$ cat query_31.csv   # CSV, C-alpha atoms
chain,number,residue,atom,x,y,z
A,1,MET,CA,-39.9,-44.7,15.2
A,2,ASN,CA,-36.7,-45.1,13.2
A,3,ASP,CA,-38.3,-48.1,11.3
A,4,ASN,CA,-41.8,-46.7,11.4
A,5,HIS,CA,-43.4,-48.8,14.0
A,6,ILE,CA,-44.8,-48.3,17.5
A,7,GLU,CA,-43.8,-50.1,20.7
A,8,GLU,CA,-44.4,-49.1,24.3
A,9,HIS,CA,-41.7,-49.1,27.1
A,10,THR,CA,-41.0,-47.5,30.4
A,11,PHE,CA,-38.7,-44.4,30.5
A,12,LYS,CA,-36.1,-46.5,32.3
A,13,GLU,CA,-36.2,-49.1,29.4
A,14,LEU,CA,-35.9,-46.3,26.8
A,15,VAL,CA,-32.8,-44.8,28.5
A,16,ALA,CA,-31.2,-48.2,28.8
A,17,PHE,CA,-32.0,-48.9,25.1
A,18,CYS,CA,-30.3,-45.7,24.0
A,19,ALA,CA,-27.4,-45.8,26.4
A,20,CYS,CA,-26.6,-49.5,26.6
A,21,GLY,CA,-28.5,-51.4,23.9
A,22,LYS,CA,-31.7,-53.4,23.7
A,23,ASN,CA,-30.0,-56.5,25.2
A,24,HIS,CA,-29.2,-54.7,28.4
A,25,PRO,CA,-31.2,-56.1,31.4
A,26,ASP,CA,-32.7,-52.7,32.2
A,27,ALA,CA,-33.9,-52.4,28.6
A,28,GLY,CA,-36.7,-54.9,29.2
A,29,GLY,CA,-35.5,-57.4,26.6
A,30,ASN,CA,-38.6,-57.2,24.3
A,31,TRP,CA,-37.6,-54.5,21.8
A,32,THR,CA,-38.8,-55.2,18.2
A,33,SER,CA,-36.9,-52.2,16.7
A,34,VAL,CA,-34.4,-53.1,14.0
A,35,SER,CA,-31.9,-50.9,15.7
A,36,ASP,CA,-29.7,-52.3,18.5
A,37,GLY,CA,-29.8,-49.0,20.4
A,38,ASN,CA,-26.5,-48.3,22.2
A,39,TYR,CA,-26.3,-44.9,20.7
A,40,LEU,CA,-23.9,-43.4,23.2
A,41,GLN,CA,-21.0,-45.8,23.1
A,42,GLN,CA,-18.2,-45.6,20.6
A,43,GLN,CA,-18.0,-48.5,18.2
A,44,ASN,CA,-14.7,-50.3,18.0
A,45,ASP,CA,-14.1,-51.2,14.4
A,46,ASP,CA,-10.8,-53.0,15.1
A,47,GLU,CA,-11.7,-56.6,15.7
A,48,ASN,CA,-8.1,-57.4,16.7
A,49,GLU,CA,-8.2,-55.0,19.5
A,50,ASP,CA,-7.8,-56.6,22.9
A,51,ASP,CA,-11.1,-56.1,24.7
A,52,ASP,CA,-9.4,-56.2,28.0
A,53,LYS,CA,-7.4,-53.1,27.0
A,54,VAL,CA,-10.4,-51.2,25.8
A,55,ASP,CA,-12.9,-50.0,28.3
A,56,LYS,CA,-15.9,-49.3,26.1
A,57,GLN,CA,-17.8,-47.8,29.0
A,58,SER,CA,-15.2,-45.1,29.3
A,59,GLN,CA,-15.3,-44.3,25.6
A,60,LEU,CA,-18.7,-42.5,25.6
A,61,LEU,CA,-19.0,-40.0,22.9
A,62,LYS,CA,-20.7,-36.9,24.2
A,63,GLY,CA,-23.9,-36.4,22.3
A,64,ALA,CA,-23.2,-39.0,19.6
A,65,PHE,CA,-26.3,-40.2,17.7
A,66,VAL,CA,-28.6,-38.3,20.1
A,67,VAL,CA,-30.2,-34.9,19.4
A,68,ASP,CA,-31.8,-32.9,22.2
A,69,GLN,CA,-35.0,-31.9,20.2
A,70,ARG,CA,-38.6,-31.7,21.3
A,71,LEU,CA,-41.2,-33.9,19.9
A,72,LEU,CA,-43.1,-32.1,17.1
A,73,PRO,CA,-46.5,-33.8,16.7
A,74,ARG,CA,-47.3,-31.8,13.6
A,75,ILE,CA,-44.8,-33.8,11.7
A,76,SER,CA,-47.9,-35.8,10.8
A,77,GLU,CA,-48.8,-32.9,8.5
A,78,GLY,CA,-45.6,-33.4,6.6
A,79,GLU,CA,-42.0,-32.3,6.5
A,80,ILE,CA,-40.7,-29.6,4.2
A,81,ARG,CA,-37.4,-30.2,2.6
A,82,MET,CA,-35.5,-27.6,0.7
A,83,VAL,CA,-33.0,-28.9,-1.8
A,84,PHE,CA,-30.0,-26.6,-2.4
A,85,VAL,CA,-27.1,-26.5,-4.9
A,86,LYS,CA,-24.6,-24.3,-3.0
A,87,ASP,CA,-26.7,-21.2,-2.2
A,88,GLU,CA,-29.3,-21.8,-4.9
A,89,LEU,CA,-32.7,-23.3,-3.9
A,90,PHE,CA,-33.5,-25.9,-6.5
A,91,GLU,CA,-36.8,-27.3,-5.3
A,92,ILE,CA,-39.1,-27.9,-2.3
A,93,ILE,CA,-40.3,-31.3,-1.3
A,94,HIS,CA,-43.2,-31.9,1.0
A,95,LYS,CA,-43.0,-35.4,2.6
A,96,LYS,CA,-46.1,-36.5,4.4
A,97,PRO,CA,-45.6,-39.6,6.7
A,98,VAL,CA,-47.5,-42.8,6.0
A,99,GLY,CA,-47.8,-45.9,8.1
A,100,GLU,CA,-49.3,-46.7,11.4
A,101,ASN,CA,-47.8,-43.9,13.5
A,102,GLY,CA,-47.6,-41.0,11.0
A,103,ARG,CA,-44.5,-39.7,12.6
A,104,SER,CA,-41.7,-40.8,10.4
A,105,ALA,CA,-41.1,-39.4,6.9
A,106,VAL,CA,-37.8,-41.1,6.2
A,107,ALA,CA,-36.9,-43.3,3.2
A,108,TRP,CA,-40.1,-44.6,1.5
A,109,ASN,CA,-42.3,-43.9,4.5
A,110,ASN,CA,-43.8,-40.8,3.0
A,111,LYS,CA,-46.0,-39.4,0.3
A,112,THR,CA,-43.9,-37.0,-1.7
A,113,THR,CA,-45.0,-33.8,-3.5
A,114,PHE,CA,-42.6,-31.6,-5.4
A,115,TYR,CA,-42.8,-27.8,-5.6
A,116,LYS,CA,-40.8,-25.1,-7.4
A,117,PRO,CA,-38.7,-22.7,-5.4
A,118,GLU,CA,-41.2,-19.9,-5.9
A,119,GLU,CA,-44.1,-21.9,-4.6
A,120,PRO,CA,-46.5,-19.4,-2.8
A,121,LEU,CA,-47.5,-21.9,-0.2
A,122,PHE,CA,-44.0,-21.8,1.3
A,123,ARG,CA,-43.0,-18.2,0.2
A,124,ASP,CA,-42.7,-16.8,3.7
A,125,LEU,CA,-40.5,-19.7,4.9
A,126,THR,CA,-38.2,-19.7,1.9
A,127,GLU,CA,-37.7,-15.9,1.8
A,128,LYS,CA,-36.8,-15.7,5.5
A,129,PHE,CA,-34.4,-18.7,5.2
A,130,LEU,CA,-32.7,-17.5,2.1
A,131,LYS,CA,-32.3,-13.9,3.1
A,132,ASN,CA,-31.5,-14.2,6.7
A,133,ASP,CA,-31.1,-17.6,8.2
A,134,ILE,CA,-28.5,-19.2,5.9
A,135,GLN,CA,-26.0,-16.4,6.6
A,136,ARG,CA,-26.7,-16.6,10.4
A,137,ILE,CA,-26.3,-20.4,10.5
A,138,ALA,CA,-23.1,-20.3,8.5
A,139,ARG,CA,-21.6,-17.8,10.9
A,140,LYS,CA,-22.6,-20.0,13.9
A,141,LEU,CA,-20.9,-23.0,12.2
A,142,ASN,CA,-17.8,-20.9,11.4
A,143,LEU,CA,-18.5,-21.7,7.7
A,144,ALA,CA,-17.7,-19.3,5.0
A,145,TYR,CA,-20.8,-18.5,2.9
A,146,ASN,CA,-19.0,-19.6,-0.3
A,147,ALA,CA,-18.1,-22.9,1.4
A,148,LEU,CA,-21.6,-24.2,1.4
A,149,PRO,CA,-21.9,-27.9,0.3
A,150,LEU,CA,-22.4,-28.6,-3.3
A,151,LEU,CA,-25.7,-30.5,-2.7
A,152,TRP,CA,-27.5,-30.3,0.6
A,153,THR,CA,-30.9,-30.2,2.1
A,154,ALA,CA,-32.6,-28.4,5.1
A,155,ASP,CA,-35.7,-30.1,6.6
A,156,PHE,CA,-38.4,-28.1,8.4
A,157,ILE,CA,-41.2,-29.3,10.7
A,158,PRO,CA,-44.3,-27.2,11.5
A,159,MET,CA,-45.3,-26.4,15.1
A,160,ASP,CA,-47.7,-24.1,16.8
A,161,ASP,CA,-46.2,-20.7,17.6
A,162,ASP,CA,-47.5,-20.7,21.2
A,163,ASP,CA,-44.4,-20.6,23.3
A,164,GLU,CA,-45.8,-17.8,25.4
A,165,GLU,CA,-48.8,-19.7,26.4
A,166,GLU,CA,-49.0,-21.6,29.7
A,167,GLU,CA,-48.7,-25.3,29.6
A,168,GLU,CA,-52.3,-25.8,30.8
A,169,GLU,CA,-53.6,-23.5,28.1
A,170,ARG,CA,-51.8,-25.5,25.5
A,171,ASP,CA,-53.2,-28.7,26.8
A,172,GLU,CA,-56.7,-27.3,26.8
A,173,GLN,CA,-56.3,-26.0,23.3
A,174,PHE,CA,-55.0,-29.3,22.1
A,175,GLU,CA,-58.0,-31.2,23.7
A,176,LYS,CA,-60.5,-28.8,22.0
A,177,GLU,CA,-58.9,-29.3,18.6
A,178,GLU,CA,-59.1,-33.0,19.1
A,179,GLN,CA,-62.7,-32.9,20.2
A,180,ASN,CA,-63.7,-30.7,17.3
A,181,LYS,CA,-61.6,-32.6,14.8
A,182,LYS,CA,-60.4,-29.4,13.2
A,183,ASP,CA,-58.5,-29.7,9.9
A,184,VAL,CA,-54.9,-28.8,10.3
A,185,ASN,CA,-55.2,-26.3,7.5
A,186,ASN,CA,-57.8,-24.3,9.5
A,187,ARG,CA,-55.7,-23.8,12.6
A,188,LYS,CA,-56.2,-20.4,14.3
A,189,THR,CA,-52.7,-20.5,15.9
A,190,LYS,CA,-49.8,-19.2,14.0
A,191,THR,CA,-47.3,-21.7,12.5
A,192,ARG,CA,-43.6,-21.5,12.7
A,193,TYR,CA,-41.1,-24.0,11.3
A,194,ILE,CA,-38.4,-25.8,13.2
A,195,LEU,CA,-35.2,-26.5,11.3
A,196,GLY,CA,-34.7,-30.2,12.3
A,197,GLU,CA,-32.0,-31.4,10.1
A,198,PHE,CA,-29.2,-30.6,7.6
A,199,ASN,CA,-28.0,-33.3,5.2
A,200,CYS,CA,-25.0,-33.0,2.9
A,201,SER,CA,-23.5,-36.5,3.3
A,202,CYS,CA,-26.4,-38.7,2.1
A,203,VAL,CA,-28.5,-36.6,-0.3
A,204,GLY,CA,-30.2,-38.6,-3.0
A,205,LEU,CA,-31.5,-37.5,-6.4
A,206,THR,CA,-35.2,-38.1,-5.5
A,207,LYS,CA,-36.4,-38.2,-9.1
A,208,PHE,CA,-34.1,-41.1,-9.8
A,209,ARG,CA,-35.3,-43.1,-6.8
A,210,ALA,CA,-37.0,-45.7,-9.0
A,211,ALA,CA,-33.6,-46.8,-10.2
A,212,CYS,CA,-32.5,-47.8,-6.7
A,213,GLY,CA,-31.9,-51.4,-6.0
A,214,PRO,CA,-29.7,-54.3,-7.3
A,215,ASP,CA,-32.3,-55.2,-10.0
A,216,LYS,CA,-33.1,-51.7,-11.1
A,217,ASP,CA,-31.6,-49.2,-13.5
A,218,MET,CA,-32.3,-45.9,-15.1
A,219,SER,CA,-34.8,-47.6,-17.5
A,220,ASP,CA,-37.1,-47.8,-14.5
A,221,VAL,CA,-37.3,-44.1,-14.2
A,222,SER,CA,-40.1,-42.3,-16.0
A,223,ASP,CA,-39.3,-39.8,-18.8
A,224,GLN,CA,-40.6,-36.9,-16.7
A,225,ASP,CA,-38.7,-37.9,-13.6
A,226,TYR,CA,-35.6,-38.4,-15.8
A,227,PHE,CA,-36.0,-34.9,-17.3
A,228,ASP,CA,-36.5,-33.3,-13.8
A,229,GLY,CA,-33.6,-35.3,-12.3
A,230,ALA,CA,-31.3,-34.3,-15.2
A,231,LYS,CA,-32.0,-30.6,-14.5
A,232,LEU,CA,-30.6,-31.0,-11.0
A,233,CYS,CA,-27.6,-32.9,-12.3
A,234,ASP,CA,-27.0,-30.1,-14.9
A,235,LEU,CA,-27.2,-27.5,-12.2
A,236,ILE,CA,-24.7,-29.4,-10.1
A,237,GLY,CA,-22.3,-29.6,-13.1
A,238,LYS,CA,-22.6,-25.8,-13.8
A,239,ARG,CA,-21.9,-24.9,-10.2
A,240,CYS,CA,-18.9,-27.2,-10.1
A,241,LYS,CA,-17.5,-25.6,-13.3
A,242,LEU,CA,-18.2,-22.1,-11.8
A,243,ARG,CA,-16.3,-23.0,-8.6
A,244,LEU,CA,-13.4,-24.4,-10.6
A,245,ASP,CA,-13.3,-21.3,-12.7
A,246,GLU,CA,-13.3,-19.2,-9.5
A,247,HIS,CA,-10.5,-21.3,-8.2
A,248,LYS,CA,-8.4,-20.9,-11.3
A,249,GLU,CA,-8.9,-17.1,-11.2
A,250,GLY,CA,-7.9,-17.1,-7.6
A,251,LEU,CA,-4.7,-19.0,-8.5
A,252,LYS,CA,-3.9,-16.4,-11.3
A,253,ARG,CA,-4.4,-13.5,-8.9
A,254,LYS,CA,-2.2,-15.2,-6.3
A,255,ALA,CA,0.5,-15.8,-8.9
A,256,MET,CA,0.3,-12.1,-10.0
A,257,VAL,CA,0.5,-10.9,-6.4
A,258,ASN,CA,3.5,-13.1,-5.8
A,259,ARG,CA,5.3,-11.7,-8.9
A,260,ILE,CA,4.6,-8.2,-7.8
A,261,ALA,CA,5.7,-8.9,-4.3
A,262,TRP,CA,9.0,-10.6,-5.3
A,263,GLY,CA,9.7,-7.9,-7.9
A,264,THR,CA,9.2,-5.2,-5.2
A,265,ILE,CA,11.5,-7.1,-2.8
A,266,LEU,CA,14.2,-7.7,-5.4
A,267,GLY,CA,14.1,-4.0,-6.4
A,268,PHE,CA,14.4,-2.9,-2.8
A,269,VAL,CA,17.3,-5.2,-2.2
A,270,GLY,CA,19.0,-3.9,-5.4
A,271,PHE,CA,18.5,-0.3,-4.3
A,272,VAL,CA,19.9,-0.9,-0.9
A,273,ALA,CA,22.9,-2.7,-2.4
A,274,LEU,CA,23.5,0.3,-4.7
A,275,LEU,CA,23.4,2.8,-1.9
A,276,SER,CA,25.8,0.6,0.1
A,277,SER,CA,28.2,0.5,-2.8
A,278,LYS,CA,28.2,4.3,-3.2
A,279,SER,CA,28.7,4.8,0.5
A,280,SER,CA,31.7,2.5,0.6
A,281,SER,CA,33.3,4.3,-2.4
A,282,SER,CA,32.9,7.7,-0.8
A,283,SER,CA,34.4,6.5,2.5
A,284,GLY,CA,37.5,5.2,0.7
A,285,GLN,CA,38.3,8.5,-1.0
A,286,LYS,CA,37.9,10.4,2.2
A,287,VAL,CA,40.2,8.2,4.1
A,288,GLY,CA,42.9,8.4,1.3
A,289,GLY,CA,42.8,12.2,1.4
A,290,ILE,CA,43.3,12.3,5.1
A,291,LYS,CA,46.4,10.0,4.8
A,292,GLY,CA,48.0,12.4,2.2
A,293,VAL,CA,47.6,15.4,4.5
A,294,ASP,CA,49.1,13.5,7.3
A,295,LYS,CA,52.2,12.5,5.2
A,296,ASN,CA,52.9,16.1,4.0
A,297,SER,CA,52.4,17.4,7.5
A,298,ASN,CA,55.0,15.0,8.8
A,299,LYS,CA,57.5,16.0,6.0
A,300,ASN,CA,57.2,19.7,6.8
A,301,ASP,CA,57.7,19.0,10.5
A,302,ARG,CA,61.0,17.2,9.7
A,303,ARG,CA,62.2,20.2,7.6
A,304,ARG,CA,61.6,22.6,10.4
A,305,ARG,CA,63.5,20.5,12.8
A,306,LYS,CA,66.8,20.6,10.7
A,307,PRO,CA,69.6,22.8,12.2
$ encode --input "query_31.csv" --output "structure tokens"
Amino acid sequence: MNDNHIEEHTFKELVAFCACGKNHPDAGGNWTSVSDGNYLQQQNDDENEDDDKVDKQSQLLKGAFVVDQRLLPRISEGEIRMVFVKDELFEIIHKKPVGENGRSAVAWNNKTTFYKPEEPLFRDLTEKFLKNDIQRIARKLNLAYNALPLLWTADFIPMDDDDEEEEEERDEQFEKEEQNKKDVNNRKTKTRYILGEFNCSCVGLTKFRAACGPDKDMSDVSDQDYFDGAKLCDLIGKRCKLRLDEHKEGLKRKAMVNRIAWGTILGFVGFVALLSSKSSSSSGQKVGGIKGVDKNSNKNDRRRRKP
């Protein structure tokens, strides 16, 4: 499904493909996927590394490249992507899969429709995610709310909200829907959305997609797409400037606090030094007076002792 095609294998072959690669004997040897599989093993980028010293089988990365996620057949209806700049929702993109299996909406394998953030069709989803879920997810990730990525997306896939039903009832309901060929928009079951993916490392400017390729440039982008894409770029620039201004203000406040703190410390040290100086002076005078009394006392004693 990663390259939008269908092939059938046994479960044993699938496990071998994912864990050991498509050339492994247990993988069956007839994979047409462009991927080599082998998702669980650490890749060694150092070509000079002595293979005898590196036990690749012992370098398994726990959970690398594999997500424990249920199959969501309603991906065929389309994936809903929210595009964010920091905490601001910029647009909603509906990506409906195309191709022979209708289960993959990646890259160009989709029919794309753009919506504004306030689109009524997705209002319930957007309001819940913006008001509640972003903060909850940030806490789960130990991520400060103001540390959200500059440009990121959240992808949602629809599913039937029927978790409380028995498995047999779900199967019967699915068979009835297939037999009656009901339109997906007329479902009687409630729909909820599964957050399937975050992306902040490879987010493209979709409206500039026509400029992608070695023989393409911005002249291949339509005027309307260029205008819409520029709005996103402008918003990114504004949020960058806002964050830099906040950082500068933070540095100013930090410098002011440091000046106040050092001034307080130096003042306290000076006050302690002054008290110490006065205490030493008073002690010296007292000691001198005592010595004088002792001297006179000794002189009087000598006079009384004369015959």
$ closest_residue --input "query_31.csv" --among "A:Leu141, A:Leu150, A:Ile80, A:Cys18" --to "Lys238 in chain A" --atoms "all atoms listed in the file"
A:Leu150
$ residues_around --input "query_31.csv" --residues "Val221 in chain A" --least-positions-apart "2" --cutoff "9 Å" --atoms "only C-alpha atoms" --output "PyMOL selection string"
chain A and resi 207-211+217-219+223-226
$ closest_residue --input "query_31.csv" --among "A:Arg70, A:Arg123, A:Arg192, A:His247" --to "Ile92 in chain A" --atoms "only C-alpha atoms"
A:Arg123
$ closest_residue --input "query_31.csv" --among "A:Asp26, A:Glu77, A:Glu7, A:Asp245" --to "Met159 in chain A" --atoms "all atoms listed in the file"
A:Glu77
$ atom_distance --input "query_31.csv" --atom1 "CA of Ala273 in chain A" --atom2 "CA of Ala261 in chain A"
18.4 Å
$ atom_distance --input "query_31.csv" --atom1 "CA of Cys202 in chain A" --atom2 "CA of Lys111 in chain A"
19.7 Å
$ closest_residue --input "query_31.csv" --among "A:Asp87, A:Lys278, A:Gly229, A:Glu13" --to "Asp133 in chain A" --atoms "all atoms listed in the file"
A:Asp87
$ residues_around --input "query_31.csv" --residues "Val15 in chain A" --least-positions-apart "3" --cutoff "12 Å" --atoms "all atoms listed in the file" --output "compact mmCIF listing (two decimals) with C-alpha atoms, in the frame of the given file"
# COMPACT_ATOMS: atom_id res chain seq x y z
CA HIS A 9 -41.70 -49.10 27.10
CA THR A 10 -41.00 -47.50 30.40
CA PHE A 11 -38.70 -44.40 30.50
CA LYS A 12 -36.10 -46.50 32.30
CA CYS A 18 -30.30 -45.70 24.00
CA ALA A 19 -27.40 -45.80 26.40
CA CYS A 20 -26.60 -49.50 26.60
CA GLY A 21 -28.50 -51.40 23.90
CA LYS A 22 -31.70 -53.40 23.70
CA HIS A 24 -29.20 -54.70 28.40
CA PRO A 25 -31.20 -56.10 31.40
CA ASP A 26 -32.70 -52.70 32.20
CA ALA A 27 -33.90 -52.40 28.60
CA GLY A 28 -36.70 -54.90 29.20
CA GLY A 37 -29.80 -49.00 20.40
CA ASN A 38 -26.50 -48.30 22.20
CA TYR A 39 -26.30 -44.90 20.70
CA LEU A 40 -23.90 -43.40 23.20
CA VAL A 66 -28.60 -38.30 20.10
$ closest_residue --input "query_31.csv" --among "A:Pro149, A:Thr126, A:Glu118, A:Gly99" --to "Arg243 in chain A" --atoms "all atoms listed in the file"
A:Pro149
$ residues_near_point --input "query_31.csv" --point "(-20.8, -22.5, 1.8)" --cutoff "10 Å" --atoms "all atoms listed in the file" --output "list in words"
Lys86, Asp87, Ile134, Gln135, Ala138, Leu143, Ala144, Tyr145, Asn146, Ala147, Leu148, Pro149 and Leu150 of chain A
$ write_last_selection --input "query_31.csv" --atoms "C-alpha atoms" --output "short mmCIF file (atom, residue, chain, number, x, y, z; two decimals), keeping the file's coordinate frame"
data_model
loop_
_atom_site.label_atom_id
_atom_site.label_comp_id
_atom_site.auth_asym_id
_atom_site.auth_seq_id
_atom_site.Cartn_x
_atom_site.Cartn_y
_atom_site.Cartn_z
CA LYS A 86 -24.60 -24.30 -3.00
CA ASP A 87 -26.70 -21.20 -2.20
CA ILE A 134 -28.50 -19.20 5.90
CA GLN A 135 -26.00 -16.40 6.60
CA ALA A 138 -23.10 -20.30 8.50
CA LEU A 143 -18.50 -21.70 7.70
CA ALA A 144 -17.70 -19.30 5.00
CA TYR A 145 -20.80 -18.50 2.90
CA ASN A 146 -19.00 -19.60 -0.30
CA ALA A 147 -18.10 -22.90 1.40
CA LEU A 148 -21.60 -24.20 1.40
CA PRO A 149 -21.90 -27.90 0.30
CA LEU A 150 -22.40 -28.60 -3.30
#
$ closest_residue --input "query_31.csv" --among "A:Trp152, A:Val98, A:Asp228, A:Ile236" --to "Gly204 in chain A" --atoms "all atoms listed in the file"
A:Trp152
$ atom_distance --input "query_31.csv" --atom1 "CA of Lys252 in chain A" --atom2 "CA of Gly237 in chain A"
22.7 Å
$ residues_around --input "query_31.csv" --residues "Thr153 in chain A" --least-positions-apart "6" --cutoff "7 Å" --atoms "all atoms listed in the file" --output "JSON list (two decimals) with C-alpha atoms, in the coordinates of the input"
[["chain", "number", "residue", "atom", "x", "y", "z"],
["A", 81, "ARG", "CA", -37.40, -30.20, 2.60],
["A", 82, "MET", "CA", -35.50, -27.60, 0.70],
["A", 83, "VAL", "CA", -33.00, -28.90, -1.80],
["A", 84, "PHE", "CA", -30.00, -26.60, -2.40],
["A", 198, "PHE", "CA", -29.20, -30.60, 7.60],
["A", 199, "ASN", "CA", -28.00, -33.30, 5.20],
["A", 200, "CYS", "CA", -25.00, -33.00, 2.90]]
